[in-house]
$ cat start-v8.txt   # compact mmCIF, C-alpha atoms
# COMPACT_ATOMS: atom_id res chain seq x y z
CA MET O 28 326.95 99.13 50.96
CA ASP O 29 328.34 102.47 49.91
CA LEU O 30 325.42 104.38 51.26
CA LEU O 31 325.42 102.76 54.67
CA THR O 32 329.19 102.91 55.27
CA ARG O 33 329.94 106.28 53.75
CA GLN O 34 326.79 108.19 54.57
CA PRO O 35 325.16 106.52 57.55
CA LEU O 36 323.01 109.58 58.11
CA LEU O 37 320.94 108.68 55.06
CA VAL O 38 319.46 105.73 56.96
CA ALA O 39 317.76 108.38 59.08
CA SER O 40 315.30 108.79 56.20
CA ALA O 41 313.79 105.54 57.53
CA LEU O 42 312.44 107.68 60.36
CA LEU O 43 309.96 109.01 57.82
CA VAL O 44 308.27 105.61 57.67
CA PRO O 45 306.59 105.62 61.12
CA LEU O 46 305.70 109.29 60.63
CA LEU O 47 304.07 108.43 57.30
CA VAL O 48 302.28 105.51 58.92
CA LEU O 49 300.76 107.92 61.44
CA ALA O 50 300.07 110.72 58.98
CA SER O 51 298.86 108.50 56.14
CA PRO O 52 296.13 110.52 54.42
CA GLY O 53 292.65 109.04 54.24
CA TRP O 54 292.34 109.36 50.48
CA LEU O 55 295.53 107.38 49.83
CA SER O 56 293.94 104.08 50.74
CA LEU O 57 292.12 101.13 49.28
CA ASP O 58 288.98 100.17 51.19
CA GLY O 59 290.26 102.27 54.11
CA VAL O 60 293.57 100.41 54.28
CA GLY O 61 296.70 102.49 53.71
CA PRO O 62 299.85 101.33 51.92
CA CYS O 63 302.74 99.56 53.62
CA TRP O 64 305.24 102.41 53.87
CA ALA O 65 307.97 100.16 55.25
CA VAL O 66 308.07 98.15 52.03
CA LEU O 67 307.96 101.30 49.92
CA TRP O 68 311.08 102.63 51.68
CA LEU O 69 312.98 99.36 52.11
CA LEU O 70 312.67 98.16 48.50
CA PRO O 71 314.73 100.92 46.80
CA TRP O 72 317.19 101.09 49.70
CA ALA O 73 317.95 97.38 49.60
CA LEU O 74 318.04 97.23 45.80
CA SER O 75 320.62 99.97 45.62
CA ASP O 76 322.66 99.10 48.67
CA GLY O 77 323.13 95.35 48.98
CA PRO O 78 322.01 92.55 51.30
CA PHE O 79 323.80 93.49 54.51
CA SER O 80 322.68 97.10 54.43
CA GLY O 81 319.16 96.02 53.44
CA ALA O 82 318.93 93.60 56.36
CA CYS O 83 320.19 96.26 58.78
CA ALA O 84 317.65 98.76 57.49
CA GLY O 85 314.92 96.10 57.72
CA LEU O 86 315.83 95.40 61.34
CA ALA O 87 315.76 99.11 62.20
CA LEU O 88 312.44 99.60 60.43
CA GLY O 89 310.92 96.57 62.14
CA LEU O 90 311.92 97.85 65.56
CA LEU O 91 310.48 101.30 64.78
CA LEU O 92 307.19 99.89 63.55
CA ASP O 93 306.84 97.48 66.46
CA ALA O 94 307.05 100.55 68.67
CA VAL O 95 304.23 102.25 66.79
CA TYR O 96 301.94 99.22 66.69
CA PRO O 97 300.94 97.60 69.98
CA GLY O 98 300.42 93.91 70.58
CA GLY O 99 302.58 90.85 70.76
CA VAL O 100 303.40 90.57 67.09
CA THR O 101 306.57 91.69 65.37
CA GLN O 102 307.42 92.77 61.84
CA VAL O 103 311.18 92.39 62.34
CA PRO O 104 311.72 88.92 60.80
CA ALA O 105 309.76 89.68 57.65
CA LEU O 106 311.47 93.03 57.04
CA LEU O 107 314.90 91.55 57.80
CA LEU O 108 314.31 88.79 55.29
CA LEU O 109 312.94 91.18 52.67
CA GLY O 110 315.90 93.56 53.03
CA TRP O 111 318.38 90.73 52.63
CA TRP O 112 316.51 89.18 49.68
CA TRP O 113 316.10 92.45 47.79
CA GLY O 114 319.71 93.38 48.49
CA ARG O 115 320.92 90.10 46.97
CA MET O 116 318.65 90.67 44.01
CA GLY O 117 320.13 94.10 43.41
CA ARG O 118 323.68 92.73 43.53
CA ARG O 119 323.28 89.53 41.49
CA ALA O 120 321.02 90.56 38.64
CA PRO O 121 321.28 93.51 36.26
CA PRO O 122 319.80 96.57 38.01
CA ILE O 123 316.08 96.31 38.58
CA GLN O 124 314.32 99.53 37.70
CA ARG O 125 311.33 98.75 35.51
CA SER O 126 307.98 99.83 36.97
CA PHE O 127 306.50 96.39 36.61
CA SER O 128 309.35 94.68 38.45
CA LEU O 129 309.23 97.22 41.28
CA GLY O 130 305.46 96.79 41.59
CA LEU O 131 305.75 93.01 41.62
CA LEU O 132 308.50 93.04 44.27
CA ALA O 133 306.48 95.42 46.45
CA LEU O 134 303.43 93.18 46.02
CA LEU O 135 305.32 90.06 47.08
CA GLY O 136 306.97 91.88 49.99
CA THR O 137 303.73 93.30 51.37
CA ALA O 138 302.00 89.94 51.03
CA LEU O 139 304.86 88.23 52.89
CA LEU O 140 304.78 90.85 55.65
CA GLY O 141 301.00 90.49 56.05
CA LEU O 142 301.20 86.70 56.04
CA THR O 143 303.82 86.65 58.81
CA LEU O 144 301.56 88.91 60.90
CA MET O 145 298.56 86.63 60.24
CA LEU O 146 300.62 83.58 61.14
CA GLN O 147 301.68 85.11 64.45
CA TRP O 148 298.11 86.03 65.34
CA GLY O 149 296.95 82.57 64.34
CA VAL O 150 299.50 80.90 66.62
CA GLN O 151 298.60 83.26 69.46
CA ASP O 152 294.92 82.40 69.03
CA TRP O 153 295.66 78.66 68.99
CA VAL O 154 297.83 78.79 72.12
CA GLY O 155 295.37 81.08 73.91
CA THR O 156 292.42 78.86 73.10
CA ARG O 157 294.24 75.80 74.43
CA GLU O 158 295.10 77.62 77.64
CA ALA O 159 291.54 78.89 78.08
CA VAL O 160 290.14 75.40 77.61
CA GLN O 161 292.61 73.98 80.13
CA LEU O 162 291.75 76.75 82.57
CA ALA O 163 288.03 76.11 82.36
CA GLY O 164 288.46 72.40 83.09
CA PRO O 165 287.79 69.38 80.93
CA GLU O 166 284.02 69.15 81.35
CA LEU O 167 283.40 72.78 80.31
CA GLY O 168 286.04 72.72 77.62
CA ARG O 169 285.10 69.52 75.84
CA ASN O 170 281.79 70.61 74.48
CA LEU O 171 280.93 74.28 74.69
CA ALA O 172 277.54 73.89 73.04
CA ASP O 173 276.24 71.60 75.77
CA GLN O 174 277.92 73.10 78.78
CA GLY O 175 277.32 76.78 78.17
CA VAL O 176 279.67 79.60 77.35
CA ASN O 177 283.29 79.64 78.42
CA PRO O 178 283.93 83.33 79.27
CA ALA O 179 287.69 82.81 79.28
CA LEU O 180 287.45 81.75 75.65
CA LEU O 181 285.29 84.71 74.69
CA ALA O 182 287.49 87.22 76.45
CA LEU O 183 290.58 86.09 74.57
CA PRO O 184 291.86 89.24 72.84
CA GLY O 185 293.32 89.38 69.36
CA TRP O 186 292.55 88.08 65.91
CA ARG O 187 290.71 84.73 65.76
CA TRP O 188 291.23 82.21 62.97
CA ASP O 189 287.82 82.83 61.41
CA ASP O 190 288.29 86.61 61.55
CA LEU O 191 291.68 86.27 59.90
CA ALA O 192 290.12 84.29 57.08
CA GLY O 193 287.44 86.93 56.48
CA PRO O 194 288.25 90.56 57.35
CA GLY O 195 291.95 89.71 57.72
CA LEU O 196 292.20 88.52 54.14
CA ARG O 197 290.46 91.69 52.99
CA VAL O 198 293.01 93.84 54.80
CA LEU O 199 295.86 91.78 53.35
CA LEU O 200 294.57 92.10 49.80
CA SER O 201 293.86 95.85 50.04
CA GLN O 202 297.25 96.64 51.52
CA THR O 203 299.08 94.48 48.99
CA LEU O 204 297.30 96.09 46.05
CA ILE O 205 297.66 99.72 47.14
CA THR O 206 301.35 99.20 47.93
CA ALA O 207 301.99 97.57 44.56
CA LEU O 208 300.21 100.44 42.82
CA LEU O 209 302.26 103.08 44.61
CA ALA O 210 305.60 101.28 44.33
CA PRO O 211 306.47 102.11 40.69
CA MET O 212 306.03 105.83 41.34
CA LEU O 213 307.70 106.19 44.72
CA CYS O 214 310.37 103.47 44.51
CA SER O 215 311.78 104.54 41.14
CA LEU O 216 312.25 108.09 42.43
CA GLN O 217 314.04 106.79 45.52
CA LEU O 218 316.18 104.43 43.43
CA LEU O 219 317.27 107.39 41.35
CA LEU O 220 318.09 109.40 44.46
CA TRP O 221 320.09 106.64 46.17
CA ARG O 222 322.02 105.83 43.00
CA GLN O 223 322.91 109.46 42.42
CA VAL O 224 324.03 109.93 46.00
CA GLY O 225 325.97 106.66 45.92
CA SER O 226 327.78 107.36 42.67
CA GLY O 227 328.54 110.90 43.73
CA TRP O 228 330.39 109.56 46.74
CA ARG O 229 332.25 106.89 44.82
CA ARG O 230 333.79 109.46 42.46
CA MET D 5 315.02 168.16 -9.78
CA PRO D 6 313.57 164.69 -9.20
CA ALA D 7 311.82 165.65 -5.97
CA TRP D 8 309.87 168.41 -7.60
CA ARG D 9 308.85 166.10 -10.35
CA TRP D 10 307.46 163.65 -7.81
CA LEU D 11 305.55 166.48 -6.13
CA ARG D 12 304.11 167.53 -9.41
CA PHE D 13 302.97 164.00 -10.00
CA VAL D 14 301.21 163.93 -6.64
CA GLN D 15 299.71 167.31 -7.12
CA GLY D 16 297.77 166.03 -10.04
CA SER D 17 294.45 164.25 -9.91
CA SER D 18 295.99 161.44 -7.81
CA LEU D 19 296.15 163.67 -4.71
CA ARG D 20 292.43 164.03 -4.85
CA ARG D 21 292.15 160.24 -5.18
CA ILE D 22 294.16 159.31 -2.08
CA THR D 23 292.80 162.01 0.21
CA PRO D 24 290.01 159.77 1.68
CA TRP D 25 292.54 157.05 2.47
CA LEU D 26 294.76 159.57 4.19
CA LEU D 27 291.79 160.63 6.30
CA VAL D 28 291.07 157.03 7.22
CA LEU D 29 294.69 156.57 8.22
CA LEU D 30 294.54 159.71 10.35
CA ALA D 31 291.36 158.45 11.99
CA LEU D 32 293.01 155.13 12.78
CA VAL D 33 296.03 156.92 14.26
CA ALA D 34 293.66 159.00 16.35
CA VAL D 35 291.90 155.87 17.57
CA ARG D 36 295.26 154.31 18.38
CA LEU D 37 296.46 157.39 20.26
CA SER D 38 293.23 157.62 22.24
CA LYS D 39 293.59 153.95 23.24
CA GLY D 40 290.52 152.82 21.40
CA ALA D 41 288.10 155.43 22.62
CA VAL D 42 285.80 155.27 19.65
CA VAL D 43 285.86 151.49 19.37
CA SER D 44 284.87 150.87 22.96
CA ASP D 45 282.18 153.49 22.77
CA ALA D 46 280.82 151.97 19.63
CA TYR D 47 280.87 148.52 21.21
CA ALA D 48 279.06 149.87 24.25
CA LEU D 49 276.46 151.49 22.06
CA LEU D 50 275.92 148.38 19.97
CA SER D 51 275.81 145.93 22.87
CA ARG D 52 273.45 148.07 24.92
CA PRO D 53 270.46 145.75 24.46
CA PHE D 54 272.46 142.81 25.80
CA TRP D 55 273.75 144.44 28.95
CA PRO D 56 273.11 142.54 32.23
CA GLY D 57 269.72 143.68 33.34
CA THR D 58 267.87 143.59 36.59
CA ALA D 59 267.23 139.85 36.27
CA GLN D 60 270.90 139.06 36.49
CA ALA D 61 271.39 141.34 39.46
CA GLU D 62 268.53 139.47 41.11
CA TRP D 63 270.23 136.11 40.53
CA LEU D 64 273.46 137.39 42.00
CA ARG D 65 271.65 138.73 45.03
CA SER D 66 269.88 135.42 45.60
CA ALA D 67 273.20 133.53 45.29
CA ARG D 68 274.70 135.83 47.88
CA ARG D 69 271.69 135.21 50.12
CA VAL D 70 272.12 131.43 49.84
CA GLU D 71 275.83 131.72 50.60
CA ASP D 72 275.16 133.89 53.65
CA GLY D 73 272.55 131.45 54.88
CA ALA D 74 274.87 128.48 54.51
CA ARG D 75 277.70 130.25 56.27
CA LEU D 76 275.39 131.30 59.06
CA ALA D 77 274.18 127.72 59.55
CA GLN D 78 277.76 126.42 59.49
CA LEU D 79 278.93 128.97 62.04
CA GLU D 80 275.92 128.31 64.24
CA GLN D 81 276.62 124.59 64.15
CA ASP D 82 280.29 125.16 64.94
CA ASN D 83 279.40 127.47 67.77
CA GLN D 84 276.98 124.89 69.14
CA ARG D 85 279.61 122.13 68.95
CA LEU D 86 282.26 124.19 70.70
CA ARG D 87 279.76 125.30 73.32
CA THR D 88 278.78 121.67 74.04
CA LEU D 89 282.45 120.78 74.32
CA LEU D 90 283.00 123.63 76.76
CA GLU D 91 279.91 122.65 78.70
CA LEU D 92 281.00 119.02 78.87
CA GLN D 93 284.40 120.09 80.08
CA LYS D 94 282.77 122.08 82.85
CA GLN D 95 280.42 119.26 83.77
CA ASN D 96 283.08 116.56 83.87
CA PRO D 97 286.19 117.87 85.54
CA ASN D 98 287.70 114.40 85.49
CA ARG D 99 287.56 114.16 81.73
CA VAL D 100 290.43 115.31 79.54
CA THR D 101 289.53 116.63 76.12
CA ALA D 102 292.06 115.57 73.52
CA PRO D 103 292.38 116.12 69.76
CA VAL D 104 292.62 113.14 67.44
CA ILE D 105 295.91 113.56 65.58
CA SER D 106 296.08 110.28 63.69
CA ARG D 107 293.29 107.96 62.69
CA ASP D 108 293.63 104.40 61.45
CA GLY D 109 290.12 103.03 61.19
CA ALA D 110 290.92 100.04 58.98
CA GLY D 111 293.87 97.77 58.49
CA TRP D 112 295.60 95.37 60.85
CA TRP D 113 295.43 97.77 63.79
CA ARG D 114 292.45 100.01 64.39
CA GLN D 115 293.53 102.84 66.61
CA LEU D 116 293.51 106.59 67.17
CA LEU D 117 296.38 108.73 68.35
CA LEU D 118 295.40 111.52 70.76
CA GLY D 119 297.31 114.73 71.29
CA GLN D 120 297.28 114.47 75.10
CA GLY D 121 299.22 111.97 77.13
CA ALA D 122 300.58 111.03 80.51
CA LEU D 123 301.33 114.66 81.35
CA SER D 124 297.56 115.35 81.26
CA GLY D 125 296.84 112.40 83.52
CA ILE D 126 295.89 109.87 80.88
CA ARG D 127 296.81 106.27 81.72
CA ALA D 128 296.50 102.99 79.83
CA GLY D 129 293.11 101.33 80.17
CA GLN D 130 291.04 104.48 80.58
CA ALA D 131 287.84 104.85 78.59
CA VAL D 132 287.67 107.21 75.62
CA VAL D 133 284.33 108.84 74.87
CA GLY D 134 283.40 110.62 71.67
CA PRO D 135 280.19 112.33 70.63
CA GLY D 136 277.82 109.38 70.64
CA GLY D 137 279.35 107.24 73.33
CA LEU D 138 282.27 104.94 74.02
CA VAL D 139 284.91 104.82 71.29
CA GLY D 140 287.60 102.62 72.80
CA LEU D 141 290.14 102.22 75.57
CA VAL D 142 293.54 103.84 75.89
CA GLY D 143 296.10 101.23 74.89
CA SER D 144 299.39 102.96 75.65
CA VAL D 145 300.57 106.44 76.54
CA THR D 146 303.64 108.57 75.95
CA PRO D 147 304.21 111.90 77.73
CA SER D 148 302.26 113.84 75.10
CA THR D 149 300.26 111.26 73.13
CA ALA D 150 297.95 108.37 73.84
CA SER D 151 297.00 105.59 71.46
CA VAL D 152 293.43 104.38 71.66
CA THR D 153 292.40 100.82 70.80
CA LEU D 154 289.08 101.24 69.03
CA LEU D 155 286.12 99.00 69.81
CA THR D 156 286.40 97.64 66.27
CA ASP D 157 289.97 96.43 66.81
CA PRO D 158 290.23 92.63 67.20
CA ARG D 159 292.15 93.14 70.45
CA SER D 160 289.24 95.02 72.04
CA ARG D 161 286.97 93.19 74.53
CA VAL D 162 284.50 95.28 76.53
CA GLY D 163 281.76 94.07 78.83
CA VAL D 164 278.36 95.50 77.81
CA TRP D 165 274.70 94.80 78.33
CA VAL D 166 271.50 95.45 76.49
CA GLY D 167 269.78 98.05 78.61
CA ARG D 168 266.24 96.87 77.86
CA THR D 169 266.62 93.21 78.76
CA GLN D 170 269.64 93.59 81.05
CA HIS D 171 271.46 90.61 79.54
CA HIS D 172 275.24 90.76 79.60
CA GLY D 173 277.58 90.19 76.71
CA LEU D 174 281.07 90.83 75.50
CA LEU D 175 281.63 93.36 72.72
CA THR D 176 284.42 91.92 70.59
CA GLY D 177 286.08 93.61 67.64
CA ILE D 178 286.47 91.30 64.67
CA GLY D 179 288.41 93.50 62.28
CA THR D 180 285.43 94.97 60.45
CA GLY D 181 283.68 98.29 60.97
CA ARG D 182 281.06 96.75 63.26
CA PRO D 183 281.99 94.82 66.40
CA LEU D 184 280.27 91.62 67.43
CA LEU D 185 278.30 91.31 70.67
CA ARG D 186 278.72 87.78 72.05
CA PHE D 187 276.04 87.08 74.63
CA LEU D 188 276.71 85.04 77.74
CA GLU D 189 273.20 83.53 77.86
CA LYS D 190 271.46 81.12 75.57
CA ASP D 191 268.39 83.33 75.20
CA PRO D 192 269.31 87.02 75.38
CA GLN D 193 265.87 88.22 74.14
CA ALA D 194 267.53 91.05 72.27
CA ARG D 195 266.33 92.27 68.91
CA PRO D 196 267.64 94.67 66.25
CA GLY D 197 267.31 98.26 67.39
CA ASP D 198 268.16 97.63 71.03
CA VAL D 199 270.67 100.05 72.51
CA VAL D 200 273.88 98.55 73.91
CA VAL D 201 275.49 100.30 76.89
CA THR D 202 278.55 99.49 78.94
CA SER D 203 277.91 97.01 81.69
CA PRO D 204 277.67 98.20 85.30
CA ALA D 205 279.42 94.95 86.24
CA SER D 206 282.52 95.84 84.25
CA THR D 207 285.51 97.24 86.09
CA LEU D 208 287.26 98.36 82.92
CA VAL D 209 284.81 101.00 81.74
CA PRO D 210 282.49 103.49 83.44
CA PRO D 211 278.97 102.06 83.67
CA ASN D 212 276.07 102.88 81.37
CA LEU D 213 277.94 104.68 78.61
CA PRO D 214 276.04 104.27 75.34
CA VAL D 215 278.00 102.21 72.84
CA GLY D 216 275.89 101.18 69.87
CA VAL D 217 272.70 99.79 68.43
CA ILE D 218 272.10 96.14 67.58
CA GLN D 219 271.85 95.84 63.84
CA SER D 220 271.24 92.15 63.36
CA MET D 221 271.01 89.04 65.53
CA ASP D 222 272.24 85.54 64.94
CA ALA D 223 270.43 83.48 67.58
CA ASN D 224 271.77 80.12 66.34
CA ALA D 225 275.45 80.93 66.68
CA ASP D 226 277.65 78.52 68.60
CA PRO D 227 278.16 78.57 71.57
CA ALA D 228 275.88 81.52 72.33
CA PRO D 229 273.90 84.04 70.27
CA VAL D 230 275.80 86.92 68.70
CA ALA D 231 274.67 90.32 67.43
CA VAL D 232 276.28 92.78 65.04
CA VAL D 233 276.48 96.21 66.69
CA GLN D 234 276.61 99.52 64.88
CA LEU D 235 278.61 102.00 66.97
CA ILE D 236 276.91 105.32 67.63
CA ALA D 237 280.12 107.39 67.57
CA PRO D 238 281.29 108.02 63.99
CA VAL D 239 284.85 106.77 64.36
CA SER D 240 285.99 107.88 60.92
CA ALA D 241 284.96 111.49 61.56
CA LEU D 242 286.08 112.03 65.15
CA ASP D 243 288.11 115.17 65.73
CA TRP D 244 287.86 115.65 69.50
CA VAL D 245 287.34 112.97 72.16
CA GLN D 246 287.29 112.90 75.93
CA VAL D 247 289.30 110.55 78.09
CA GLN D 248 287.77 109.54 81.39
CA VAL D 249 290.63 110.02 83.86
CA ARG D 250 290.22 108.98 87.44

$ encode --input "start-v8.txt" --output "structure tokens"
Amino acid sequence: MDLLTRQPLLVASALLVPLLVLASPGWLSLDGVGPCWAVLWLLPWALSDGPFSGACAGLALGLLLDAVYPGGVTQVPALLLLGWWWGRMGRRAPPIQRSFSLGLLALLGTALLGLTLMLQWGVQDWVGTREAVQLAGPELGRNLADQGVNPALLALPGWRWDDLAGPGLRVLLSQTLITALLAPMLCSLQLLLWRQVGSGWRR
Amino acid sequence: MPAWRWLRFVQGSSLRRITPWLLVLLALVAVRLSKGAVVSDAYALLSRPFWPGTAQAEWLRSARRVEDGARLAQLEQDNQRLRTLLELQKQNPNRVTAPVISRDGAGWWRQLLLGQGALSGIRAGQAVVGPGGLVGLVGSVTPSTASVTLLTDPRSRVGVWVGRTQHHGLLTGIGTGRPLLRFLEKDPQARPGDVVVTSPASTLVPPNLPVGVIQSMDANADPAPVAVVQLIAPVSALDWVQVQVR
């Protein structure tokens, strides 16, 4: 927690994450899907600064990203949990700095983040479908094939379950892989930076 | 008198022997002092037959011609594009031309960020048109930016019809590059190649904007037939779009 308490201005580097999300270059992507910059920033910060600081940074990042991305889903819980988990990991175990470990942690974190998003969309779709069926009345809702098309059901915006299972899974896999590939390079540099800054202030 | 003895030794027949070597040394010094005059000249003389001839000059000239032609075509195309943009701006005073400053064509959210916002009169829900037709609807605005929900985004639902048969449907993004057209009738009589335009019955979008071309049909889908639509506007290459402000 040295970084957060002694140099709170360093958290401002989290502002880079939404900017990177917007400016993510087209060539730095897998199947068109860019990396998850939030994970790439949060992982070294939490590892070097403990669970409380990691959770705070995760909350801040989640709020920033929810502002960038529209829709009724939130990334706050996943990032909060990841910050806390990685912070504990950095405190309990001997320092994690090997490329493979960083890549694996980034992979798990991105997958968890994507899965929470998919879960939220899935629940929204389920609730929306139930409401649309209720709205259309029992006779239209019971059997769509016989009674014709329920426009309220068609007009329901957002990811559907079957889309999540197809294109959604593709997005999840691409983002997870590209983030895990980038993590060893970017996260080890940031770890080095945070540790140097932190130790410099402790002296 | 050791020095004289040495001179006498040189003055003998040995002086005659080393004279040519002294001359060579002098010549080398002369070459060195003249910065290699003789060597370069000799090289030029020897390599004369291999000098670049007229053929090579011809190749260079043809390369230059090709380059000029390509640049001319590029500039002409650019000029044409800018002229059309200018023309469109004149024709449609209620359209705001905006640059695309961030593009996310894949991933969980499929959206564009435009460099014009509420200060230019853009509001949420307005239609965004690119070269080739409708691209998406404005999702949210800030004073100087507007984020556009693309037609391929799963949150996008736009009422369209097939112009030829005049059957209505709902264009729904499903998270891939090509949105799905869900028809509202059992027998839409559409076939691959039909042009899809925005529906005149829709209140969300201006009527009869071209959107895409039907690529394949699935007539047996439940509950109504669906078609895969290829958008006309190249979303991944858009640099300028127009927002239909009211």

$ closest_atom_pairs --input "start-v8.txt" --of "chain O" --to "chain D" --cutoff "9 Å" --atoms "only C-alpha atoms" --output "Markdown table"
| residue | atom | partner | partner_atom | distance |
| --- | --- | --- | --- | --- |
| O:Leu49 | CA | D:Ser106 | CA | 5.7 |
| O:Ala50 | CA | D:Ser106 | CA | 6.2 |
| O:Ser51 | CA | D:Ser106 | CA | 8.2 |
| O:Gly53 | CA | D:Arg107 | CA | 8.5 |
| O:Asp58 | CA | D:Ala110 | CA | 8.0 |
| O:Gly59 | CA | D:Ala110 | CA | 5.4 |
| O:Val60 | CA | D:Gly111 | CA | 5.0 |
| O:Gly61 | CA | D:Gly111 | CA | 7.3 |
| O:Tyr96 | CA | D:Trp113 | CA | 7.3 |
| O:Pro97 | CA | D:Gly143 | CA | 7.8 |
| O:Gly98 | CA | D:Arg159 | CA | 8.3 |
| O:Gly141 | CA | D:Trp112 | CA | 8.7 |
| O:Leu144 | CA | D:Trp112 | CA | 8.8 |
| O:Leu171 | CA | D:Pro227 | CA | 6.0 |
| O:Ala172 | CA | D:Pro227 | CA | 4.9 |
| O:Asp173 | CA | D:Pro227 | CA | 8.4 |
| O:Gly175 | CA | D:Pro227 | CA | 6.9 |
| O:Val176 | CA | D:Pro227 | CA | 6.1 |
| O:Asn177 | CA | D:Leu188 | CA | 8.5 |
| O:Pro178 | CA | D:Leu188 | CA | 7.6 |
| O:Leu181 | CA | D:Leu174 | CA | 7.5 |
| O:Ala182 | CA | D:Arg161 | CA | 6.3 |
| O:Leu183 | CA | D:Arg161 | CA | 8.0 |
| O:Pro184 | CA | D:Arg159 | CA | 4.6 |
| O:Gly185 | CA | D:Arg159 | CA | 4.1 |
| O:Trp186 | CA | D:Pro158 | CA | 5.3 |
| O:Arg187 | CA | D:Ile178 | CA | 7.9 |
| O:Asp190 | CA | D:Ile178 | CA | 5.9 |
| O:Leu191 | CA | D:Gly179 | CA | 8.3 |
| O:Gly193 | CA | D:Gly179 | CA | 8.8 |
| O:Pro194 | CA | D:Gly179 | CA | 5.7 |
| O:Gly195 | CA | D:Gly179 | CA | 6.9 |
| O:Arg197 | CA | D:Gly111 | CA | 8.9 |
| O:Val198 | CA | D:Gly111 | CA | 5.5 |
| O:Leu199 | CA | D:Gly111 | CA | 8.1 |
| O:Ser201 | CA | D:Gly111 | CA | 8.7 |
| O:Gln202 | CA | D:Gly111 | CA | 7.8 |

$ write_last_selection --input "start-v8.txt" --atoms "C-alpha atoms" --output "mmCIF file, keeping the file's coordinate frame"
data_model
loop_
_atom_site.group_PDB
_atom_site.id
_atom_site.type_symbol
_atom_site.label_atom_id
_atom_site.label_comp_id
_atom_site.auth_asym_id
_atom_site.auth_seq_id
_atom_site.Cartn_x
_atom_site.Cartn_y
_atom_site.Cartn_z
ATOM 1 C CA LEU O 49 300.760 107.920 61.440
ATOM 2 C CA ALA O 50 300.070 110.720 58.980
ATOM 3 C CA SER O 51 298.860 108.500 56.140
ATOM 4 C CA GLY O 53 292.650 109.040 54.240
ATOM 5 C CA ASP O 58 288.980 100.170 51.190
ATOM 6 C CA GLY O 59 290.260 102.270 54.110
ATOM 7 C CA VAL O 60 293.570 100.410 54.280
ATOM 8 C CA GLY O 61 296.700 102.490 53.710
ATOM 9 C CA TYR O 96 301.940 99.220 66.690
ATOM 10 C CA PRO O 97 300.940 97.600 69.980
ATOM 11 C CA GLY O 98 300.420 93.910 70.580
ATOM 12 C CA GLY O 141 301.000 90.490 56.050
ATOM 13 C CA LEU O 144 301.560 88.910 60.900
ATOM 14 C CA LEU O 171 280.930 74.280 74.690
ATOM 15 C CA ALA O 172 277.540 73.890 73.040
ATOM 16 C CA ASP O 173 276.240 71.600 75.770
ATOM 17 C CA GLY O 175 277.320 76.780 78.170
ATOM 18 C CA VAL O 176 279.670 79.600 77.350
ATOM 19 C CA ASN O 177 283.290 79.640 78.420
ATOM 20 C CA PRO O 178 283.930 83.330 79.270
ATOM 21 C CA LEU O 181 285.290 84.710 74.690
ATOM 22 C CA ALA O 182 287.490 87.220 76.450
ATOM 23 C CA LEU O 183 290.580 86.090 74.570
ATOM 24 C CA PRO O 184 291.860 89.240 72.840
ATOM 25 C CA GLY O 185 293.320 89.380 69.360
ATOM 26 C CA TRP O 186 292.550 88.080 65.910
ATOM 27 C CA ARG O 187 290.710 84.730 65.760
ATOM 28 C CA ASP O 190 288.290 86.610 61.550
ATOM 29 C CA LEU O 191 291.680 86.270 59.900
ATOM 30 C CA GLY O 193 287.440 86.930 56.480
ATOM 31 C CA PRO O 194 288.250 90.560 57.350
ATOM 32 C CA GLY O 195 291.950 89.710 57.720
ATOM 33 C CA ARG O 197 290.460 91.690 52.990
ATOM 34 C CA VAL O 198 293.010 93.840 54.800
ATOM 35 C CA LEU O 199 295.860 91.780 53.350
ATOM 36 C CA SER O 201 293.860 95.850 50.040
ATOM 37 C CA GLN O 202 297.250 96.640 51.520
#

$ closest_residue --input "start-v8.txt" --among "D:Val249, D:Val133, D:Val33, D:Ala59" --to "Gly121 in chain D" --atoms "only C-alpha atoms"
D:Val249

$ residues_around --input "start-v8.txt" --residues "Ala138 in chain O" --least-positions-apart "5" --cutoff "12 Å" --atoms "all atoms listed in the file" --output "list in words"
Pro62, Cys63, Val66, Ala105, Leu106, Leu109, Leu131, Leu132, Ala133, Thr143, Leu144, Met145, Leu196, Arg197, Val198, Leu199, Leu200, Ser201, Gln202, Thr203, Leu204, Ile205, Thr206 and Ala207 of chain O

$ atom_distance --input "start-v8.txt" --atom1 "CA of Leu57 in chain O" --atom2 "CA of Gly130 in chain O"
16.0 Å

$ atom_distance --input "start-v8.txt" --atom1 "CA of Gln246 in chain D" --atom2 "CA of Thr101 in chain D"
4.4 Å

$ atom_distance --input "start-v8.txt" --atom1 "CA of Ala67 in chain D" --atom2 "CA of Ala48 in chain D"
27.3 Å
